[in-house]
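Read through the structure below, which is laid out as C-alpha coordinates, and then see the notes.
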Amino acid sequence: MHAKVIHARPEEEYWFREGCHILEVANHPGDPQVSIARARLEPGMTTQWHSLRDTWERYLIVEGAGIAEIGDLEPARVAAGDVVLIPPDTPQRIRNAGSGELIFYAICSPRFMPACYRAHEP
(Lines give C-alpha, C1' and ligand atoms only; values in the text may rest on other atoms or scores of the structure.)
Protein backbone atom coordinates (compact mmCIF):
# COMPACT_ATOMS: atom_id res chain seq x y z
CA MET A 1 0.00 0.00 0.00
CA HIS A 2 1.22 3.47 -0.86
CA ALA A 3 0.55 6.72 0.98
CA LYS A 4 -2.52 8.50 -0.40
CA VAL A 5 -5.69 10.35 0.49
CA ILE A 6 -8.98 8.57 -0.18
CA HIS A 7 -11.91 10.91 -0.72
CA ALA A 8 -15.41 9.80 0.26
CA ARG A 9 -17.76 9.58 -2.73
CA PRO A 10 -21.30 10.04 -1.35
CA GLU A 11 -22.81 9.30 -4.76
CA GLU A 12 -21.54 5.70 -4.40
CA GLU A 13 -23.69 4.98 -1.33
CA TYR A 14 -25.86 1.87 -1.79
CA TRP A 15 -28.56 -0.08 0.03
CA PHE A 16 -27.17 -3.26 1.61
CA ARG A 17 -29.35 -6.29 2.33
CA GLU A 18 -28.43 -5.92 6.02
CA GLY A 19 -30.96 -3.08 6.18
CA CYS A 20 -28.93 0.11 5.93
CA HIS A 21 -27.20 2.40 3.46
CA ILE A 22 -23.46 1.75 3.00
CA LEU A 23 -20.71 3.93 1.61
CA GLU A 24 -17.45 2.03 1.17
CA VAL A 25 -14.84 4.59 2.15
CA ALA A 26 -11.76 2.34 2.08
CA ASN A 27 -12.02 -1.29 1.01
CA HIS A 28 -9.25 -2.22 -1.40
CA PRO A 29 -7.30 -5.40 -2.18
CA GLY A 30 -4.08 -3.38 -1.76
CA ASP A 31 -4.96 -2.84 1.93
CA PRO A 32 -6.24 -6.26 3.05
CA GLN A 33 -5.78 -5.61 6.79
CA VAL A 34 -8.74 -3.24 7.17
CA SER A 35 -11.83 -1.77 5.53
CA ILE A 36 -13.87 1.27 6.50
CA ALA A 37 -17.49 1.83 5.51
CA ARG A 38 -19.98 4.49 6.57
CA ALA A 39 -23.36 3.03 7.53
CA ARG A 40 -26.53 5.11 7.64
CA LEU A 41 -29.62 3.77 9.37
CA GLU A 42 -32.95 5.60 9.17
CA PRO A 43 -35.05 6.32 12.28
CA GLY A 44 -36.85 3.25 13.63
CA MET A 45 -34.87 0.82 11.45
CA THR A 46 -32.91 -2.20 12.71
CA THR A 47 -30.24 -4.07 10.80
CA GLN A 48 -30.58 -7.78 10.17
CA TRP A 49 -29.08 -10.22 12.69
CA HIS A 50 -25.77 -11.16 11.11
CA SER A 51 -22.17 -12.09 11.76
CA LEU A 52 -18.90 -11.73 9.87
CA ARG A 53 -16.92 -14.93 9.41
CA ASP A 54 -13.30 -14.60 10.58
CA THR A 55 -13.61 -10.80 10.66
CA TRP A 56 -13.43 -8.35 13.57
CA GLU A 57 -15.78 -5.40 13.30
CA ARG A 58 -15.93 -2.12 15.18
CA TYR A 59 -18.72 0.44 14.97
CA LEU A 60 -17.62 4.02 15.58
CA ILE A 61 -20.82 5.97 16.19
CA VAL A 62 -20.61 9.49 14.76
CA GLU A 63 -24.22 10.71 14.79
CA GLY A 64 -27.52 9.72 16.37
CA ALA A 65 -28.47 7.20 19.03
CA GLY A 66 -28.97 3.46 18.84
CA ILE A 67 -29.24 0.14 20.62
CA ALA A 68 -26.46 -2.36 19.84
CA GLU A 69 -27.07 -6.08 20.35
CA ILE A 70 -23.85 -8.09 20.30
CA GLY A 71 -23.76 -11.83 21.00
CA ASP A 72 -24.85 -12.63 24.57
CA LEU A 73 -24.37 -9.07 25.88
CA GLU A 74 -27.34 -7.10 27.16
CA PRO A 75 -28.55 -4.59 24.55
CA ALA A 76 -26.58 -1.36 25.01
CA ARG A 77 -27.43 2.26 24.18
CA VAL A 78 -24.85 3.90 21.94
CA ALA A 79 -24.33 7.49 20.83
CA ALA A 80 -21.77 9.68 19.07
CA GLY A 81 -18.21 8.88 20.17
CA ASP A 82 -18.99 5.32 21.31
CA VAL A 83 -17.23 2.28 19.86
CA VAL A 84 -18.84 -1.16 19.65
CA LEU A 85 -16.37 -4.08 19.47
CA ILE A 86 -17.61 -7.19 17.68
CA PRO A 87 -15.46 -10.36 17.58
CA PRO A 88 -15.49 -12.60 14.50
CA ASP A 89 -18.50 -14.90 14.07
CA THR A 90 -20.57 -13.03 16.70
CA PRO A 91 -24.26 -12.38 15.93
CA GLN A 92 -25.03 -8.66 15.95
CA ARG A 93 -27.51 -6.00 14.98
CA ILE A 94 -28.10 -2.33 15.71
CA ARG A 95 -31.30 -0.30 15.93
CA ASN A 96 -31.74 3.40 15.38
CA ALA A 97 -33.36 4.55 18.63
CA GLY A 98 -33.33 8.26 17.81
CA SER A 99 -35.40 10.68 15.77
CA GLY A 100 -32.64 11.37 13.23
CA GLU A 101 -30.33 9.14 11.22
CA LEU A 102 -27.88 6.84 13.02
CA ILE A 103 -24.50 7.14 11.28
CA PHE A 104 -21.50 5.03 12.15
CA TYR A 105 -18.32 3.73 10.59
CA ALA A 106 -17.90 -0.04 10.33
CA ILE A 107 -14.20 -0.83 10.56
CA CYS A 108 -13.37 -4.43 9.69
CA SER A 109 -10.17 -6.45 9.97
CA PRO A 110 -9.32 -8.14 7.81
CA ARG A 111 -11.20 -6.10 5.24
CA PHE A 112 -14.88 -6.80 4.64
CA MET A 113 -15.68 -9.17 1.82
CA PRO A 114 -19.29 -10.02 0.91
CA ALA A 115 -18.51 -13.74 1.29
CA CYS A 116 -17.86 -13.26 5.03
CA TYR A 117 -21.40 -11.92 5.67
CA ARG A 118 -23.77 -14.41 7.29
CA ALA A 119 -27.42 -13.63 7.96
CA HIS A 120 -28.91 -15.10 11.17
CA GLU A 121 -32.45 -15.83 12.30
CA PRO A 122 -33.55 -13.83 15.37
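Ligands are numbered from 1 in the order shown, chains are lettered A, B, ... in the order of the C-alpha coordinates, and residues start at 1 in each chain.
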Proximity check region 49-120 of chain A to region 36-41 of chain A, 6 Å, nearest pairs one decimal Å, only C-alpha atoms, as a tab-separated table:
```
residue	atom	partner	partner_atom	distance
A:Glu101	CA	A:Leu41	CA	5.7
A:Leu102	CA	A:Leu41	CA	5.1
A:Ile103	CA	A:Arg40	CA	4.6
A:Phe104	CA	A:Ala39	CA	5.4
A:Tyr105	CA	A:Arg38	CA	4.4
A:Ala106	CA	A:Ala37	CA	5.2
A:Ile107	CA	A:Ile36	CA	4.6
```
Which residues come within 8 Å of Gly81 (chain A), counting only C-alpha atoms, excluding same-chain residues fewer than 4 positions away, as a PyMOL selection string?
-> chain A and resi 60-62
Give the strand (DSSP E) residues of chain A, as assigned by DSSP on the backbone, as a PDB file with N, CA and C atoms, in the first residue's frame.
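Printed below is selection29.pdb as written:
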```pdb
ATOM      1  N   TYR A  14     -24.911   2.859  -1.296  1.00  0.00           N
ATOM      2  CA  TYR A  14     -25.863   1.870  -1.794  1.00  0.00           C
ATOM      3  C   TYR A  14     -26.613   1.237  -0.631  1.00  0.00           C
ATOM      4  N   TRP A  15     -27.752   0.641  -0.948  1.00  0.00           N
ATOM      5  CA  TRP A  15     -28.558  -0.078   0.035  1.00  0.00           C
ATOM      6  C   TRP A  15     -27.993  -1.489   0.147  1.00  0.00           C
ATOM      7  N   PHE A  16     -27.707  -1.915   1.381  1.00  0.00           N
ATOM      8  CA  PHE A  16     -27.168  -3.257   1.608  1.00  0.00           C
ATOM      9  C   PHE A  16     -28.255  -4.115   2.239  1.00  0.00           C
ATOM     10  N   CYS A  20     -29.397  -1.266   5.784  1.00  0.00           N
ATOM     11  CA  CYS A  20     -28.928   0.109   5.929  1.00  0.00           C
ATOM     12  C   CYS A  20     -28.214   0.547   4.652  1.00  0.00           C
ATOM     13  N   HIS A  21     -27.936   1.840   4.584  1.00  0.00           N
ATOM     14  CA  HIS A  21     -27.196   2.402   3.462  1.00  0.00           C
ATOM     15  C   HIS A  21     -25.709   2.317   3.783  1.00  0.00           C
ATOM     16  N   ILE A  22     -24.904   1.927   2.808  1.00  0.00           N
ATOM     17  CA  ILE A  22     -23.459   1.754   3.005  1.00  0.00           C
ATOM     18  C   ILE A  22     -22.699   2.594   1.983  1.00  0.00           C
ATOM     19  N   LEU A  23     -21.663   3.240   2.469  1.00  0.00           N
ATOM     20  CA  LEU A  23     -20.711   3.934   1.606  1.00  0.00           C
ATOM     21  C   LEU A  23     -19.337   3.362   1.916  1.00  0.00           C
ATOM     22  N   GLU A  24     -18.791   2.585   0.993  1.00  0.00           N
ATOM     23  CA  GLU A  24     -17.450   2.026   1.168  1.00  0.00           C
ATOM     24  C   GLU A  24     -16.448   3.172   1.056  1.00  0.00           C
ATOM     25  N   VAL A  25     -15.801   3.498   2.145  1.00  0.00           N
ATOM     26  CA  VAL A  25     -14.837   4.589   2.151  1.00  0.00           C
ATOM     27  C   VAL A  25     -13.457   4.068   1.782  1.00  0.00           C
ATOM     28  N   ALA A  26     -13.070   2.943   2.364  1.00  0.00           N
ATOM     29  CA  ALA A  26     -11.762   2.336   2.078  1.00  0.00           C
ATOM     30  C   ALA A  26     -11.906   0.828   2.188  1.00  0.00           C
ATOM     31  N   SER A  35     -10.912  -2.516   6.394  1.00  0.00           N
ATOM     32  CA  SER A  35     -11.826  -1.769   5.526  1.00  0.00           C
ATOM     33  C   SER A  35     -12.627  -0.817   6.407  1.00  0.00           C
ATOM     34  N   ILE A  36     -13.085   0.271   5.796  1.00  0.00           N
ATOM     35  CA  ILE A  36     -13.871   1.272   6.502  1.00  0.00           C
ATOM     36  C   ILE A  36     -15.079   1.607   5.631  1.00  0.00           C
ATOM     37  N   ALA A  37     -16.261   1.489   6.224  1.00  0.00           N
ATOM     38  CA  ALA A  37     -17.491   1.834   5.514  1.00  0.00           C
ATOM     39  C   ALA A  37     -18.356   2.692   6.421  1.00  0.00           C
ATOM     40  N   ARG A  38     -19.008   3.695   5.828  1.00  0.00           N
ATOM     41  CA  ARG A  38     -19.977   4.486   6.575  1.00  0.00           C
ATOM     42  C   ARG A  38     -21.335   3.828   6.426  1.00  0.00           C
ATOM     43  N   ALA A  39     -22.009   3.598   7.547  1.00  0.00           N
ATOM     44  CA  ALA A  39     -23.356   3.027   7.534  1.00  0.00           C
ATOM     45  C   ALA A  39     -24.335   4.110   7.976  1.00  0.00           C
ATOM     46  N   ARG A  40     -25.489   4.128   7.327  1.00  0.00           N
ATOM     47  CA  ARG A  40     -26.528   5.109   7.639  1.00  0.00           C
ATOM     48  C   ARG A  40     -27.841   4.365   7.818  1.00  0.00           C
ATOM     49  N   LEU A  41     -28.407   4.499   9.008  1.00  0.00           N
ATOM     50  CA  LEU A  41     -29.620   3.772   9.369  1.00  0.00           C
ATOM     51  C   LEU A  41     -30.720   4.782   9.686  1.00  0.00           C
ATOM     52  N   HIS A  50     -26.795 -10.641  11.998  1.00  0.00           N
ATOM     53  CA  HIS A  50     -25.772 -11.161  11.110  1.00  0.00           C
ATOM     54  C   HIS A  50     -24.463 -11.326  11.872  1.00  0.00           C
ATOM     55  N   SER A  51     -23.527 -11.998  11.234  1.00  0.00           N
ATOM     56  CA  SER A  51     -22.166 -12.088  11.765  1.00  0.00           C
ATOM     57  C   SER A  51     -21.209 -12.007  10.579  1.00  0.00           C
ATOM     58  N   LEU A  52     -19.938 -11.768  10.898  1.00  0.00           N
ATOM     59  CA  LEU A  52     -18.897 -11.733   9.868  1.00  0.00           C
ATOM     60  C   LEU A  52     -17.899 -12.850  10.162  1.00  0.00           C
ATOM     61  N   TRP A  56     -13.120  -9.268  12.470  1.00  0.00           N
ATOM     62  CA  TRP A  56     -13.426  -8.348  13.569  1.00  0.00           C
ATOM     63  C   TRP A  56     -14.140  -7.141  12.990  1.00  0.00           C
ATOM     64  N   GLU A  57     -15.098  -6.609  13.743  1.00  0.00           N
ATOM     65  CA  GLU A  57     -15.780  -5.401  13.304  1.00  0.00           C
ATOM     66  C   GLU A  57     -15.893  -4.437  14.484  1.00  0.00           C
ATOM     67  N   ARG A  58     -15.757  -3.163  14.183  1.00  0.00           N
ATOM     68  CA  ARG A  58     -15.935  -2.115  15.180  1.00  0.00           C
ATOM     69  C   ARG A  58     -16.877  -1.095  14.584  1.00  0.00           C
ATOM     70  N   TYR A  59     -17.847  -0.652  15.385  1.00  0.00           N
ATOM     71  CA  TYR A  59     -18.719   0.439  14.974  1.00  0.00           C
ATOM     72  C   TYR A  59     -18.250   1.680  15.713  1.00  0.00           C
ATOM     73  N   LEU A  60     -17.923   2.719  14.998  1.00  0.00           N
ATOM     74  CA  LEU A  60     -17.616   4.016  15.582  1.00  0.00           C
ATOM     75  C   LEU A  60     -18.825   4.909  15.303  1.00  0.00           C
ATOM     76  N   ILE A  61     -19.599   5.183  16.338  1.00  0.00           N
ATOM     77  CA  ILE A  61     -20.824   5.965  16.187  1.00  0.00           C
ATOM     78  C   ILE A  61     -20.444   7.440  16.038  1.00  0.00           C
ATOM     79  N   VAL A  62     -20.953   8.081  14.985  1.00  0.00           N
ATOM     80  CA  VAL A  62     -20.613   9.488  14.759  1.00  0.00           C
ATOM     81  C   VAL A  62     -21.825  10.417  14.839  1.00  0.00           C
ATOM     82  N   GLU A  63     -23.029   9.868  14.725  1.00  0.00           N
ATOM     83  CA  GLU A  63     -24.221  10.712  14.790  1.00  0.00           C
ATOM     84  C   GLU A  63     -25.426   9.861  15.159  1.00  0.00           C
ATOM     85  N   ALA A  65     -28.419   8.071  17.858  1.00  0.00           N
ATOM     86  CA  ALA A  65     -28.467   7.196  19.027  1.00  0.00           C
ATOM     87  C   ALA A  65     -29.027   5.847  18.604  1.00  0.00           C
ATOM     88  N   GLY A  66     -28.515   4.798  19.217  1.00  0.00           N
ATOM     89  CA  GLY A  66     -28.973   3.465  18.842  1.00  0.00           C
ATOM     90  C   GLY A  66     -28.906   2.488  19.996  1.00  0.00           C
ATOM     91  N   ILE A  67     -29.335   1.272  19.694  1.00  0.00           N
ATOM     92  CA  ILE A  67     -29.239   0.144  20.616  1.00  0.00           C
ATOM     93  C   ILE A  67     -28.464  -0.939  19.884  1.00  0.00           C
ATOM     94  N   ALA A  68     -27.296  -1.313  20.435  1.00  0.00           N
ATOM     95  CA  ALA A  68     -26.458  -2.365  19.844  1.00  0.00           C
ATOM     96  C   ALA A  68     -26.714  -3.675  20.567  1.00  0.00           C
ATOM     97  N   GLU A  69     -26.914  -4.734  19.799  1.00  0.00           N
ATOM     98  CA  GLU A  69     -27.068  -6.077  20.346  1.00  0.00           C
ATOM     99  C   GLU A  69     -25.921  -6.917  19.790  1.00  0.00           C
ATOM    100  N   ILE A  70     -25.070  -7.384  20.690  1.00  0.00           N
ATOM    101  CA  ILE A  70     -23.853  -8.092  20.301  1.00  0.00           C
ATOM    102  C   ILE A  70     -23.771  -9.405  21.070  1.00  0.00           C
ATOM    103  N   ALA A  76     -27.238  -2.540  24.452  1.00  0.00           N
ATOM    104  CA  ALA A  76     -26.576  -1.358  25.009  1.00  0.00           C
ATOM    105  C   ALA A  76     -26.913  -0.122  24.179  1.00  0.00           C
ATOM    106  N   ARG A  77     -27.214   0.975  24.862  1.00  0.00           N
ATOM    107  CA  ARG A  77     -27.433   2.261  24.185  1.00  0.00           C
ATOM    108  C   ARG A  77     -26.081   2.778  23.698  1.00  0.00           C
ATOM    109  N   VAL A  78     -26.066   3.326  22.502  1.00  0.00           N
ATOM    110  CA  VAL A  78     -24.849   3.903  21.938  1.00  0.00           C
ATOM    111  C   VAL A  78     -25.172   5.269  21.345  1.00  0.00           C
ATOM    112  N   ALA A  79     -24.168   6.140  21.363  1.00  0.00           N
ATOM    113  CA  ALA A  79     -24.329   7.492  20.830  1.00  0.00           C
ATOM    114  C   ALA A  79     -22.984   7.952  20.282  1.00  0.00           C
ATOM    115  N   VAL A  83     -17.760   3.325  20.732  1.00  0.00           N
ATOM    116  CA  VAL A  83     -17.226   2.284  19.863  1.00  0.00           C
ATOM    117  C   VAL A  83     -17.803   0.949  20.320  1.00  0.00           C
ATOM    118  N   VAL A  84     -18.308   0.170  19.383  1.00  0.00           N
ATOM    119  CA  VAL A  84     -18.840  -1.161  19.647  1.00  0.00           C
ATOM    120  C   VAL A  84     -17.843  -2.161  19.070  1.00  0.00           C
ATOM    121  N   LEU A  85     -17.346  -3.072  19.916  1.00  0.00           N
ATOM    122  CA  LEU A  85     -16.374  -4.079  19.473  1.00  0.00           C
ATOM    123  C   LEU A  85     -17.091  -5.405  19.246  1.00  0.00           C
ATOM    124  N   ILE A  86     -16.902  -5.975  18.063  1.00  0.00           N
ATOM    125  CA  ILE A  86     -17.615  -7.195  17.683  1.00  0.00           C
ATOM    126  C   ILE A  86     -16.597  -8.239  17.208  1.00  0.00           C
ATOM    127  N   GLN A  92     -24.936 -10.084  15.610  1.00  0.00           N
ATOM    128  CA  GLN A  92     -25.025  -8.663  15.949  1.00  0.00           C
ATOM    129  C   GLN A  92     -26.132  -8.001  15.157  1.00  0.00           C
ATOM    130  N   ARG A  93     -26.617  -6.899  15.709  1.00  0.00           N
ATOM    131  CA  ARG A  93     -27.510  -5.996  14.976  1.00  0.00           C
ATOM    132  C   ARG A  93     -27.532  -4.684  15.741  1.00  0.00           C
ATOM    133  N   ILE A  94     -28.006  -3.640  15.070  1.00  0.00           N
ATOM    134  CA  ILE A  94     -28.097  -2.326  15.711  1.00  0.00           C
ATOM    135  C   ILE A  94     -29.393  -1.674  15.266  1.00  0.00           C
ATOM    136  N   ARG A  95     -30.032  -0.976  16.199  1.00  0.00           N
ATOM    137  CA  ARG A  95     -31.302  -0.304  15.932  1.00  0.00           C
ATOM    138  C   ARG A  95     -31.128   1.188  16.115  1.00  0.00           C
ATOM    139  N   ASN A  96     -31.719   1.954  15.225  1.00  0.00           N
ATOM    140  CA  ASN A  96     -31.737   3.401  15.378  1.00  0.00           C
ATOM    141  C   ASN A  96     -32.828   3.724  16.391  1.00  0.00           C
ATOM    142  N   LEU A 102     -28.996   7.400  12.268  1.00  0.00           N
ATOM    143  CA  LEU A 102     -27.877   6.839  13.020  1.00  0.00           C
ATOM    144  C   LEU A 102     -26.768   6.615  11.999  1.00  0.00           C
ATOM    145  N   ILE A 103     -25.626   7.259  12.209  1.00  0.00           N
ATOM    146  CA  ILE A 103     -24.501   7.136  11.284  1.00  0.00           C
ATOM    147  C   ILE A 103     -23.304   6.630  12.060  1.00  0.00           C
ATOM    148  N   PHE A 104     -22.687   5.590  11.508  1.00  0.00           N
ATOM    149  CA  PHE A 104     -21.504   5.030  12.146  1.00  0.00           C
ATOM    150  C   PHE A 104     -20.568   4.482  11.080  1.00  0.00           C
ATOM    151  N   TYR A 105     -19.305   4.349  11.465  1.00  0.00           N
ATOM    152  CA  TYR A 105     -18.323   3.734  10.589  1.00  0.00           C
ATOM    153  C   TYR A 105     -18.125   2.299  11.034  1.00  0.00           C
ATOM    154  N   ALA A 106     -18.179   1.371  10.081  1.00  0.00           N
ATOM    155  CA  ALA A 106     -17.898  -0.037  10.334  1.00  0.00           C
ATOM    156  C   ALA A 106     -16.461  -0.284   9.877  1.00  0.00           C
ATOM    157  N   ILE A 107     -15.619  -0.619  10.829  1.00  0.00           N
ATOM    158  CA  ILE A 107     -14.198  -0.828  10.562  1.00  0.00           C
ATOM    159  C   ILE A 107     -13.925  -2.311  10.746  1.00  0.00           C
ATOM    160  N   CYS A 108     -13.540  -2.976   9.673  1.00  0.00           N
ATOM    161  CA  CYS A 108     -13.371  -4.432   9.692  1.00  0.00           C
ATOM    162  C   CYS A 108     -11.920  -4.821   9.480  1.00  0.00           C
ATOM    163  N   SER A 109     -11.504  -5.881  10.206  1.00  0.00           N
ATOM    164  CA  SER A 109     -10.175  -6.445   9.973  1.00  0.00           C
ATOM    165  C   SER A 109     -10.251  -7.965  10.108  1.00  0.00           C
ATOM    166  N   TYR A 117     -20.134 -12.322   5.070  1.00  0.00           N
ATOM    167  CA  TYR A 117     -21.397 -11.921   5.675  1.00  0.00           C
ATOM    168  C   TYR A 117     -22.314 -13.125   5.817  1.00  0.00           C
ATOM    169  N   ARG A 118     -22.838 -13.319   7.032  1.00  0.00           N
ATOM    170  CA  ARG A 118     -23.772 -14.409   7.288  1.00  0.00           C
ATOM    171  C   ARG A 118     -25.019 -13.856   7.984  1.00  0.00           C
ATOM    172  N   ALA A 119     -26.168 -14.032   7.352  1.00  0.00           N
ATOM    173  CA  ALA A 119     -27.425 -13.626   7.962  1.00  0.00           C
ATOM    174  C   ALA A 119     -27.820 -14.666   9.000  1.00  0.00           C
TER     175      ALA A 119
END
```
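Using only C-alpha atoms, the contacts of Asp54 (chain A) at a cut-off of 8 Å, with sequence neighbours closer than 6 positions omitted, comprise Pro88, Asp89 and Cys116 of chain A.
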Can those selected residues be exported to a file as an mmCIF file, in the first residue's frame so that it contains C-alpha atoms?
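Writing done, so here's result_26.cif:
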```cif
data_model
loop_
_atom_site.group_PDB
_atom_site.id
_atom_site.type_symbol
_atom_site.label_atom_id
_atom_site.label_comp_id
_atom_site.auth_asym_id
_atom_site.auth_seq_id
_atom_site.Cartn_x
_atom_site.Cartn_y
_atom_site.Cartn_z
ATOM 1 C CA PRO A 88 -15.494 -12.598 14.499
ATOM 2 C CA ASP A 89 -18.497 -14.904 14.065
ATOM 3 C CA CYS A 116 -17.859 -13.265 5.034
#
```
Kindly give the distance, in Å, that separates CA of Pro43 (chain A) and CA of Pro75 (chain A), rounded to a single decimal.
->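 Between CA of Pro43 (chain A) and CA of Pro75 (chain A) the gap works out to 17.7 Å.
Distance check against Gly44 (chain A) using only C-alpha atoms: of A:Glu12, A:Lys4, A:Pro114, A:Gly64, the minimum falls on A:Gly64.
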In terms of the shortest atom-to-atom distance over only C-alpha atoms, which of A:Gln48, A:Ser99, A:Thr55, A:Thr90 is closest to Glu121 (chain A)?
->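 Among the listed residues, the smallest separation from Glu121 (chain A) belongs to A:Gln48.
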Report the residues of chain A whose backbone DSSP state falls under helix (DSSP H, G or I), written as number ranges by chain.
-> A: 10-12, 114-116
Go through A:Asp72, A:Ala80, A:Thr47, A:Ile6 and flag the residue nearest His120 (chain A), using only C-alpha atoms for the distances.
-> A:Thr47
